[in-house]
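Asker: Provided herewith: input-v6.json, JSON, C-alpha atoms.
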```json
[["chain", "number", "residue", "atom", "x", "y", "z"],
["A", 1, "MET", "CA", 24.87, -9.68, -24.18],
["A", 2, "ALA", "CA", 25.19, -6.13, -22.85],
["A", 3, "THR", "CA", 28.22, -5.35, -20.70],
["A", 4, "PHE", "CA", 27.59, -4.60, -17.04],
["A", 5, "PRO", "CA", 28.25, -0.85, -16.53],
["A", 6, "ILE", "CA", 31.52, -0.05, -14.79],
["A", 7, "VAL", "CA", 32.20, 3.66, -14.17],
["A", 8, "ASN", "CA", 35.62, 5.19, -13.64],
["A", 9, "MET", "CA", 34.77, 8.12, -11.37],
["A", 10, "GLU", "CA", 38.07, 9.89, -12.11],
["A", 11, "LYS", "CA", 36.82, 10.55, -15.63],
["A", 12, "LEU", "CA", 34.20, 12.92, -14.24],
["A", 13, "ASN", "CA", 37.01, 15.43, -13.71],
["A", 14, "GLY", "CA", 38.37, 15.54, -17.25],
["A", 15, "GLU", "CA", 37.54, 15.58, -20.94],
["A", 16, "GLU", "CA", 35.51, 12.39, -20.64],
["A", 17, "ARG", "CA", 33.04, 13.85, -18.13],
["A", 18, "SER", "CA", 30.15, 14.01, -20.61],
["A", 19, "ALA", "CA", 30.61, 10.40, -21.74],
["A", 20, "THR", "CA", 30.91, 9.25, -18.13],
["A", 21, "MET", "CA", 27.74, 11.08, -17.10],
["A", 22, "ASN", "CA", 25.97, 9.42, -20.04],
["A", 23, "LEU", "CA", 27.23, 6.01, -18.93],
["A", 24, "ILE", "CA", 25.87, 6.59, -15.42],
["A", 25, "ASN", "CA", 22.53, 7.76, -16.82],
["A", 26, "ASP", "CA", 22.25, 4.72, -19.09],
["A", 27, "ALA", "CA", 23.08, 2.42, -16.17],
["A", 28, "CYS", "CA", 20.36, 4.03, -14.04],
["A", 29, "GLU", "CA", 17.76, 3.82, -16.81],
["A", 30, "ASN", "CA", 18.50, 0.31, -18.06],
["A", 31, "TRP", "CA", 20.27, -1.61, -15.30],
["A", 32, "GLY", "CA", 19.37, -0.13, -11.90],
["A", 33, "PHE", "CA", 22.93, -0.97, -10.88],
["A", 34, "PHE", "CA", 26.43, 0.15, -11.75],
["A", 35, "GLU", "CA", 29.90, -0.48, -10.39],
["A", 36, "ILE", "CA", 32.35, 2.32, -9.65],
["A", 37, "VAL", "CA", 36.14, 2.38, -9.49],
["A", 38, "ASN", "CA", 38.52, 5.20, -8.56],
["A", 39, "HIS", "CA", 35.78, 6.52, -6.32],
["A", 40, "GLY", "CA", 37.97, 8.43, -3.87],
["A", 41, "ILE", "CA", 37.91, 6.01, -0.93],
["A", 42, "SER", "CA", 41.46, 4.92, -0.26],
["A", 43, "THR", "CA", 42.45, 1.36, -1.09],
["A", 44, "GLU", "CA", 44.26, 1.23, 2.26],
["A", 45, "LEU", "CA", 41.00, 1.84, 4.12],
["A", 46, "LEU", "CA", 39.13, -0.71, 1.99],
["A", 47, "ASP", "CA", 41.84, -3.30, 2.57],
["A", 48, "THR", "CA", 41.71, -2.68, 6.32],
["A", 49, "VAL", "CA", 37.90, -2.98, 6.39],
["A", 50, "GLU", "CA", 38.08, -6.23, 4.43],
["A", 51, "LYS", "CA", 40.85, -7.70, 6.58],
["A", 52, "MET", "CA", 39.19, -6.80, 9.88],
["A", 53, "THR", "CA", 35.73, -7.92, 8.73],
["A", 54, "LYS", "CA", 37.07, -11.32, 7.64],
["A", 55, "GLY", "CA", 38.93, -11.58, 10.92],
["A", 56, "HIS", "CA", 35.75, -10.85, 12.83],
["A", 57, "TYR", "CA", 33.83, -13.40, 10.75],
["A", 58, "LYS", "CA", 36.50, -16.07, 11.33],
["A", 59, "LYS", "CA", 36.44, -15.42, 15.08],
["A", 60, "CYS", "CA", 32.63, -15.67, 15.20],
["A", 61, "MET", "CA", 32.61, -18.93, 13.23],
["A", 62, "GLU", "CA", 35.31, -20.48, 15.40],
["A", 63, "GLU", "CA", 33.37, -19.58, 18.54],
["A", 64, "ARG", "CA", 30.17, -20.99, 17.05],
["A", 65, "PHE", "CA", 31.92, -24.24, 16.13],
["A", 66, "LYS", "CA", 33.34, -24.61, 19.65],
["A", 67, "GLU", "CA", 29.90, -24.02, 21.18],
["A", 68, "MET", "CA", 28.36, -26.68, 18.91],
["A", 69, "VAL", "CA", 31.07, -29.22, 19.73],
["A", 70, "ALA", "CA", 30.59, -28.55, 23.44],
["A", 71, "SER", "CA", 26.82, -29.10, 23.22],
["A", 72, "LYS", "CA", 26.60, -31.88, 20.61],
["A", 73, "GLY", "CA", 30.00, -33.54, 20.48],
["A", 74, "LEU", "CA", 32.56, -33.50, 17.66],
["A", 75, "GLU", "CA", 31.19, -36.53, 15.80],
["A", 76, "ALA", "CA", 27.66, -35.09, 15.61],
["A", 77, "VAL", "CA", 28.93, -31.71, 14.43],
["A", 78, "GLN", "CA", 31.13, -33.29, 11.73],
["A", 79, "SER", "CA", 28.10, -35.10, 10.29],
["A", 80, "GLU", "CA", 26.09, -31.84, 10.15],
["A", 81, "ILE", "CA", 28.74, -29.33, 9.15],
["A", 82, "GLU", "CA", 28.14, -29.34, 5.36],
["A", 83, "ASP", "CA", 24.49, -28.40, 5.81],
["A", 84, "LEU", "CA", 25.00, -25.63, 8.35],
["A", 85, "ASP", "CA", 24.22, -21.99, 7.63],
["A", 86, "TRP", "CA", 27.47, -20.20, 8.42],
["A", 87, "GLU", "CA", 26.07, -16.71, 7.94],
["A", 88, "SER", "CA", 27.37, -14.11, 10.37],
["A", 89, "THR", "CA", 25.55, -10.79, 10.13],
["A", 90, "PHE", "CA", 25.44, -7.61, 12.13],
["A", 91, "TYR", "CA", 23.99, -4.23, 11.25],
["A", 92, "LEU", "CA", 25.77, -0.98, 12.13],
["A", 93, "ARG", "CA", 23.47, 2.04, 12.13],
["A", 94, "HIS", "CA", 25.39, 5.26, 11.45],
["A", 95, "LEU", "CA", 22.57, 7.78, 10.89],
["A", 96, "PRO", "CA", 20.58, 9.40, 12.36],
["A", 97, "GLU", "CA", 22.18, 7.94, 15.49],
["A", 98, "SER", "CA", 25.01, 5.41, 15.65],
["A", 99, "ASN", "CA", 24.60, 2.06, 17.39],
["A", 100, "ILE", "CA", 28.20, 0.93, 16.88],
["A", 101, "SER", "CA", 28.99, 1.10, 20.60],
["A", 102, "GLU", "CA", 26.09, -1.29, 21.29],
["A", 103, "ILE", "CA", 27.25, -4.13, 19.02],
["A", 104, "PRO", "CA", 28.86, -6.83, 21.17],
["A", 105, "ASP", "CA", 32.17, -8.55, 20.45],
["A", 106, "LEU", "CA", 33.62, -5.83, 18.21],
["A", 107, "GLU", "CA", 37.19, -4.84, 18.93],
["A", 108, "ASP", "CA", 37.79, -1.13, 19.53],
["A", 109, "GLU", "CA", 40.03, -0.82, 16.46],
["A", 110, "TYR", "CA", 37.34, -2.42, 14.29],
["A", 111, "ARG", "CA", 34.75, 0.06, 15.60],
["A", 112, "LYS", "CA", 37.11, 2.93, 14.77],
["A", 113, "VAL", "CA", 37.76, 1.64, 11.25],
["A", 114, "MET", "CA", 34.05, 1.10, 10.54],
["A", 115, "LYS", "CA", 33.25, 4.65, 11.71],
["A", 116, "GLU", "CA", 35.80, 5.99, 9.23],
["A", 117, "PHE", "CA", 34.47, 3.71, 6.49],
["A", 118, "ALA", "CA", 30.89, 4.87, 7.13],
["A", 119, "LYS", "CA", 31.93, 8.52, 6.91],
["A", 120, "GLU", "CA", 33.56, 7.94, 3.52],
["A", 121, "ILE", "CA", 30.63, 5.91, 2.15],
["A", 122, "GLU", "CA", 28.15, 8.56, 3.30],
["A", 123, "LYS", "CA", 30.12, 11.28, 1.50],
["A", 124, "LEU", "CA", 30.32, 9.14, -1.65],
["A", 125, "ALA", "CA", 26.58, 8.37, -1.58],
["A", 126, "GLU", "CA", 25.68, 12.05, -1.38],
["A", 127, "ASN", "CA", 28.08, 12.87, -4.21],
["A", 128, "ILE", "CA", 26.41, 10.23, -6.38],
["A", 129, "LEU", "CA", 22.96, 11.61, -5.54],
["A", 130, "ASP", "CA", 24.10, 15.01, -6.84],
["A", 131, "ILE", "CA", 25.45, 13.37, -10.01],
["A", 132, "LEU", "CA", 22.02, 11.80, -10.52],
["A", 133, "CYS", "CA", 20.40, 15.22, -9.93],
["A", 134, "GLU", "CA", 22.53, 16.69, -12.69],
["A", 135, "ASN", "CA", 21.60, 13.92, -15.13],
["A", 136, "LEU", "CA", 17.90, 14.27, -14.25],
["A", 137, "GLY", "CA", 17.85, 18.04, -14.56],
["A", 138, "LEU", "CA", 16.99, 18.44, -10.87],
["A", 139, "GLU", "CA", 18.45, 21.13, -8.67],
["A", 140, "LYS", "CA", 21.62, 20.07, -6.87],
["A", 141, "GLY", "CA", 20.73, 18.68, -3.45],
["A", 142, "TYR", "CA", 17.16, 17.69, -4.41],
["A", 143, "LEU", "CA", 17.60, 13.95, -3.87],
["A", 144, "LYS", "CA", 19.45, 14.38, -0.59],
["A", 145, "LYS", "CA", 16.67, 16.66, 0.64],
["A", 146, "ALA", "CA", 14.01, 14.22, -0.56],
["A", 147, "PHE", "CA", 15.65, 11.53, 1.59],
["A", 148, "TYR", "CA", 16.14, 13.77, 4.59],
["A", 149, "GLY", "CA", 12.92, 13.76, 6.62],
["A", 150, "SER", "CA", 13.07, 15.62, 9.95],
["A", 151, "LYS", "CA", 16.19, 13.93, 11.33],
["A", 152, "GLY", "CA", 18.25, 13.14, 8.27],
["A", 153, "PRO", "CA", 18.69, 9.98, 6.18],
["A", 154, "THR", "CA", 18.90, 6.46, 7.52],
["A", 155, "PHE", "CA", 22.35, 5.04, 6.86],
["A", 156, "GLY", "CA", 23.83, 1.75, 7.94],
["A", 157, "THR", "CA", 26.31, -0.98, 7.06],
["A", 158, "LYS", "CA", 25.64, -4.72, 7.05],
["A", 159, "ASP", "CA", 28.38, -7.33, 7.28],
["A", 160, "ASP", "CA", 27.02, -10.38, 5.50],
["A", 161, "LYS", "CA", 27.94, -13.90, 4.52],
["A", 162, "VAL", "CA", 30.27, -14.98, 1.72],
["A", 163, "SER", "CA", 28.23, -14.20, -1.33],
["A", 164, "GLY", "CA", 27.86, -13.26, -4.99],
["A", 165, "LEU", "CA", 25.48, -10.67, -6.40],
["A", 166, "GLN", "CA", 23.22, -11.19, -9.41],
["A", 167, "LEU", "CA", 20.57, -8.99, -11.00],
["A", 168, "LEU", "CA", 17.68, -9.84, -13.28],
["A", 169, "LYS", "CA", 17.87, -8.16, -16.69],
["A", 170, "ASP", "CA", 15.75, -9.04, -19.72],
["A", 171, "GLY", "CA", 14.69, -12.29, -18.07],
["A", 172, "GLU", "CA", 18.22, -13.49, -17.28],
["A", 173, "TRP", "CA", 20.24, -13.51, -14.07],
["A", 174, "ILE", "CA", 23.49, -11.63, -14.64],
["A", 175, "ASP", "CA", 26.52, -11.77, -12.37],
["A", 176, "VAL", "CA", 27.81, -8.47, -11.04],
["A", 177, "PRO", "CA", 31.54, -8.78, -11.70],
["A", 178, "PRO", "CA", 33.61, -8.79, -8.49],
["A", 179, "MET", "CA", 36.39, -6.21, -8.77],
["A", 180, "HIS", "CA", 38.89, -5.46, -6.04],
["A", 181, "HIS", "CA", 38.30, -2.05, -4.41],
["A", 182, "SER", "CA", 35.17, -1.37, -6.48],
["A", 183, "ILE", "CA", 31.79, -0.36, -5.04],
["A", 184, "VAL", "CA", 28.47, -1.54, -6.50],
["A", 185, "ILE", "CA", 25.61, 0.97, -6.58],
["A", 186, "ASN", "CA", 22.01, -0.29, -6.37],
["A", 187, "LEU", "CA", 19.35, 2.40, -6.92],
["A", 188, "GLY", "CA", 16.35, 0.76, -5.24],
["A", 189, "ASP", "CA", 12.61, 1.51, -5.08],
["A", 190, "GLN", "CA", 12.86, 5.02, -3.65],
["A", 191, "LEU", "CA", 14.83, 6.40, -6.58],
["A", 192, "GLU", "CA", 12.54, 4.71, -9.10],
["A", 193, "VAL", "CA", 9.58, 6.45, -7.46],
["A", 194, "ILE", "CA", 11.27, 9.87, -7.14],
["A", 195, "THR", "CA", 12.40, 9.75, -10.79],
["A", 196, "ASN", "CA", 8.90, 8.70, -11.89],
["A", 197, "GLY", "CA", 10.23, 5.49, -13.42],
["A", 198, "ARG", "CA", 13.06, 7.02, -15.40],
["A", 199, "TYR", "CA", 15.58, 5.23, -13.19],
["A", 200, "LYS", "CA", 14.95, 1.59, -12.36],
["A", 201, "SER", "CA", 14.81, -0.62, -9.31],
["A", 202, "VAL", "CA", 15.59, -4.18, -10.39],
["A", 203, "MET", "CA", 15.22, -7.59, -8.82],
["A", 204, "HIS", "CA", 18.49, -8.95, -7.47],
["A", 205, "ARG", "CA", 19.72, -11.79, -5.32],
["A", 206, "VAL", "CA", 22.74, -12.94, -3.37],
["A", 207, "ILE", "CA", 23.99, -16.50, -3.85],
["A", 208, "ALA", "CA", 26.59, -18.53, -1.98],
["A", 209, "GLN", "CA", 29.95, -18.90, -3.68],
["A", 210, "THR", "CA", 31.67, -22.27, -3.75],
["A", 211, "ASP", "CA", 35.15, -20.78, -3.41],
["A", 212, "GLY", "CA", 34.27, -19.24, -0.03],
["A", 213, "THR", "CA", 36.56, -16.26, -0.52],
["A", 214, "ARG", "CA", 34.19, -13.33, -1.01],
["A", 215, "MET", "CA", 32.24, -11.47, 1.62],
["A", 216, "SER", "CA", 29.74, -8.68, 1.08],
["A", 217, "ILE", "CA", 29.70, -5.48, 3.10],
["A", 218, "ALA", "CA", 26.52, -3.65, 2.14],
["A", 219, "SER", "CA", 25.83, -0.02, 3.05],
["A", 220, "PHE", "CA", 22.31, 1.41, 2.84],
["A", 221, "TYR", "CA", 21.70, 5.14, 2.32],
["A", 222, "ASN", "CA", 17.95, 5.24, 2.84],
["A", 223, "PRO", "CA", 15.39, 7.98, 3.46],
["A", 224, "GLY", "CA", 14.70, 9.14, 6.99],
["A", 225, "SER", "CA", 11.89, 7.26, 8.71],
["A", 226, "ASP", "CA", 9.40, 10.14, 8.28],
["A", 227, "ALA", "CA", 10.53, 11.21, 4.79],
["A", 228, "VAL", "CA", 7.69, 11.30, 2.25],
["A", 229, "ILE", "CA", 8.73, 9.73, -1.03],
["A", 230, "TYR", "CA", 6.94, 10.67, -4.27],
["A", 231, "PRO", "CA", 7.78, 11.52, -7.89],
["A", 232, "ALA", "CA", 9.62, 14.81, -8.37],
["A", 233, "PRO", "CA", 7.11, 17.23, -9.96],
["A", 234, "GLU", "CA", 9.71, 18.23, -12.57],
["A", 235, "LEU", "CA", 9.74, 14.64, -13.83],
["A", 236, "VAL", "CA", 5.95, 14.20, -14.11],
["A", 237, "ASN", "CA", 4.20, 15.44, -17.23],
["A", 238, "LYS", "CA", 0.61, 16.66, -17.27],
["A", 239, "ALA", "CA", -0.74, 13.49, -18.85],
["A", 240, "GLU", "CA", 0.71, 11.38, -16.02],
["A", 241, "GLU", "CA", -0.56, 13.51, -13.15],
["A", 242, "LYS", "CA", -4.06, 11.97, -13.17],
["A", 243, "ASN", "CA", -2.93, 8.37, -13.56],
["A", 244, "ASN", "CA", 0.44, 8.11, -11.86],
["A", 245, "ILE", "CA", 1.55, 4.52, -11.26],
["A", 246, "TYR", "CA", 3.89, 5.49, -8.46],
["A", 247, "PRO", "CA", 2.73, 5.92, -4.87],
["A", 248, "LYS", "CA", 3.44, 8.57, -2.27],
["A", 249, "PHE", "CA", 4.57, 6.95, 0.94],
["A", 250, "VAL", "CA", 6.25, 7.60, 4.26],
["A", 251, "PHE", "CA", 9.46, 5.59, 4.28],
["A", 252, "GLU", "CA", 8.81, 3.94, 7.66],
["A", 253, "ASP", "CA", 5.41, 2.74, 6.40],
["A", 254, "TYR", "CA", 7.06, 1.52, 3.21],
["A", 255, "MET", "CA", 9.49, -0.62, 5.20],
["A", 256, "LYS", "CA", 6.64, -2.25, 7.12],
["A", 257, "LEU", "CA", 4.84, -3.18, 3.90],
["A", 258, "TYR", "CA", 8.06, -4.10, 2.12],
["A", 259, "ALA", "CA", 8.77, -6.84, 4.67],
["A", 260, "GLN", "CA", 5.55, -8.52, 3.55],
["A", 261, "VAL", "CA", 5.91, -8.15, -0.24],
["A", 262, "LYS", "CA", 9.65, -7.78, -0.94],
["A", 263, "PHE", "CA", 9.84, -10.98, -3.00],
["A", 264, "GLN", "CA", 7.01, -9.91, -5.29],
["A", 265, "ALA", "CA", 7.44, -8.05, -8.55],
["A", 266, "LYS", "CA", 7.79, -4.32, -7.97],
["A", 267, "GLU", "CA", 4.64, -3.29, -9.90],
["A", 268, "PRO", "CA", 2.11, -4.93, -7.53],
["A", 269, "ARG", "CA", 4.35, -3.82, -4.68],
["A", 270, "PHE", "CA", 4.04, -0.19, -5.75],
["A", 271, "GLU", "CA", 0.31, -0.62, -6.25],
["A", 272, "ALA", "CA", -0.04, -2.00, -2.72],
["A", 273, "PHE", "CA", 1.78, 1.04, -1.35],
["A", 274, "LYS", "CA", -0.36, 3.38, -3.45],
["A", 275, "THR", "CA", -3.62, 1.85, -2.28],
["A", 276, "ALA", "CA", -2.60, 1.75, 1.37],
["A", 277, "MET", "CA", -1.04, 5.16, 1.73],
["A", 278, "GLU", "CA", -1.73, 7.69, -0.97],
["A", 279, "ASP", "CA", -4.96, 9.07, 0.49],
["A", 280, "THR", "CA", -3.39, 9.80, 3.87],
["A", 281, "ILE", "CA", -0.30, 11.81, 2.89],
["A", 282, "ARG", "CA", -0.03, 15.53, 2.33],
["A", 283, "VAL", "CA", 2.95, 16.55, 0.20],
["A", 284, "ASP", "CA", 4.81, 19.85, 0.51],
["A", 285, "PRO", "CA", 7.36, 21.15, -2.01],
["A", 286, "ILE", "CA", 10.96, 20.08, -1.39],
["A", 287, "ALA", "CA", 13.23, 23.06, -0.75],
["A", 288, "THR", "CA", 16.90, 22.67, -1.64],
["A", 289, "VAL", "CA", 18.22, 25.92, -0.17]]
```
Can you give me the file's structure in the form of structure tokens?
Answerer:
Amino acid sequence: MATFPIVNMEKLNGEERSATMNLINDACENWGFFEIVNHGISTELLDTVEKMTKGHYKKCMEERFKEMVASKGLEAVQSEIEDLDWESTFYLRHLPESNISEIPDLEDEYRKVMKEFAKEIEKLAENILDILCENLGLEKGYLKKAFYGSKGPTFGTKDDKVSGLQLLKDGEWIDVPPMHHSIVINLGDQLEVITNGRYKSVMHRVIAQTDGTRMSIASFYNPGSDAVIYPAPELVNKAEEKNNIYPKFVFEDYMKLYAQVKFQAKEPRFEAFKTAMEDTIRVDPIATV
């Protein structure tokens, strides 16, 4: 079985840069995911985010339990507790405008820490996009510009339930190995479309863990709502131009359709987008300067 790709980002700055770039490229082409270590975000900040997020989760669950006992009684709650969904989720929007001040029940210090975390993740995401540009032979900044739209990218962080991540590869579900202080990169549909299929979006799922010790904090660096997503012309050959399998779509429209078909295979999903949208979109060249 192939080994899940784990990338040491520090090696991009030394003699192993070429091999590391090749590893990232292979991961994008064949896995759609990779895991990075030594990525430049301090372990102190990551530890603080983890500690405060778990503290917030614990507080929310304790309050929920007390409310259930008050309404149903302790005996009734004890008989139901194993079957309860203990998910606690909130979504922090950082770009184009932050909503962090609007989320109830967050302590001021937690808001401050999550703002700092978001700033570091945003910087890392844009650095990775430029690494992908280099591997693809695209001009530096192309992918960031493709995501930009009129107001900039959409970027947010989701605090989710205790979970484990798996991806589907060659017909088998493969565990993404949990590593302390690592960050898992998932390419997604938009990058598959922009790269004309060279890089892959793969089916993945999150499953509950029996040990109850892991919690996911997912950050999404998505296109702006009015960004038009389509294959980069440099990555489309003449033979493909007349019969391109990838759609052109406005990201906001994509999200509306995605909610209806997200559990389907990606090929009919792309075809649905292509049929619904391609005739209505005018595409201008993407300028990077």
Asker: Nearest residue to A:Asp175 out of A:Ala232, A:Ala2, A:Leu132, A:Met114, using all atoms listed in the file?
Answerer: A:Ala2
Asker: Find, counting all atoms listed in the file, the residue in A:Ile36, A:Leu12, A:Leu95, A:Ala218 that gets nearest to A:Gly152.
Answerer: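 Among the listed residues, A:Leu95 lies closest to A:Gly152.
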Asker: Suppose you want the space between atom CA of A:Arg111 and atom CA of A:Arg93; what is it in Å?
Answerer: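 So the answer is 12.0 Å.
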Asker: With distances taken over all atoms listed in the file, which of A:Phe4, A:Trp173, A:Phe249, A:Phe117 is nearest to A:Arg205?
Answerer: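 Among A:Phe4, A:Trp173, A:Phe249, A:Phe117, it is A:Trp173 that comes nearest to A:Arg205.
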Asker: Could you give me, as a VMD selection string, the residues within 10 Å of stretch 147-150 of chain A, counting all atoms listed in the file and dropping anything in the same chain fewer than 5 positions from it?
Answerer: chain A and resid 96 142 190 to 191 194 221 to 229 250 to 251
Asker: If I take atom CA of A:Ile207 and atom CA of A:Pro178, how far is one from the other in Å, to one decimal?
Answerer: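 Computed distance, atom CA of A:Ile207 to atom CA of A:Pro178, equals 13.2 Å.
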Asker: Rank A:Asn186, A:Asn38, A:Thr3, A:Thr43 by their smallest atom-to-atom distance to A:Leu129, using all atoms listed in the file, and report the top residue only.
Answerer: A:Asn186
Asker: Can you pull out every residue within 10 Å of A:Gly197, counting all atoms listed in the file, but drop anything in the same chain fewer than 5 positions away, and send it as a VMD selection string?
Answerer: chain A and resid 29 189 191 to 192 231 235 to 236 245 to 246
Asker: Just the number, please: distance in Å from atom CA of A:Pro233 to atom CA of A:Asn135, one decimal.
Answerer: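 So the answer is 15.7 Å.
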Asker: Which of these residues is nearest to A:Asn22, using only C-alpha atoms: A:Asp130, A:Gln260, A:Asn196, A:Leu136?
Answerer: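 Under the stated criterion, the closest residue is A:Leu136.
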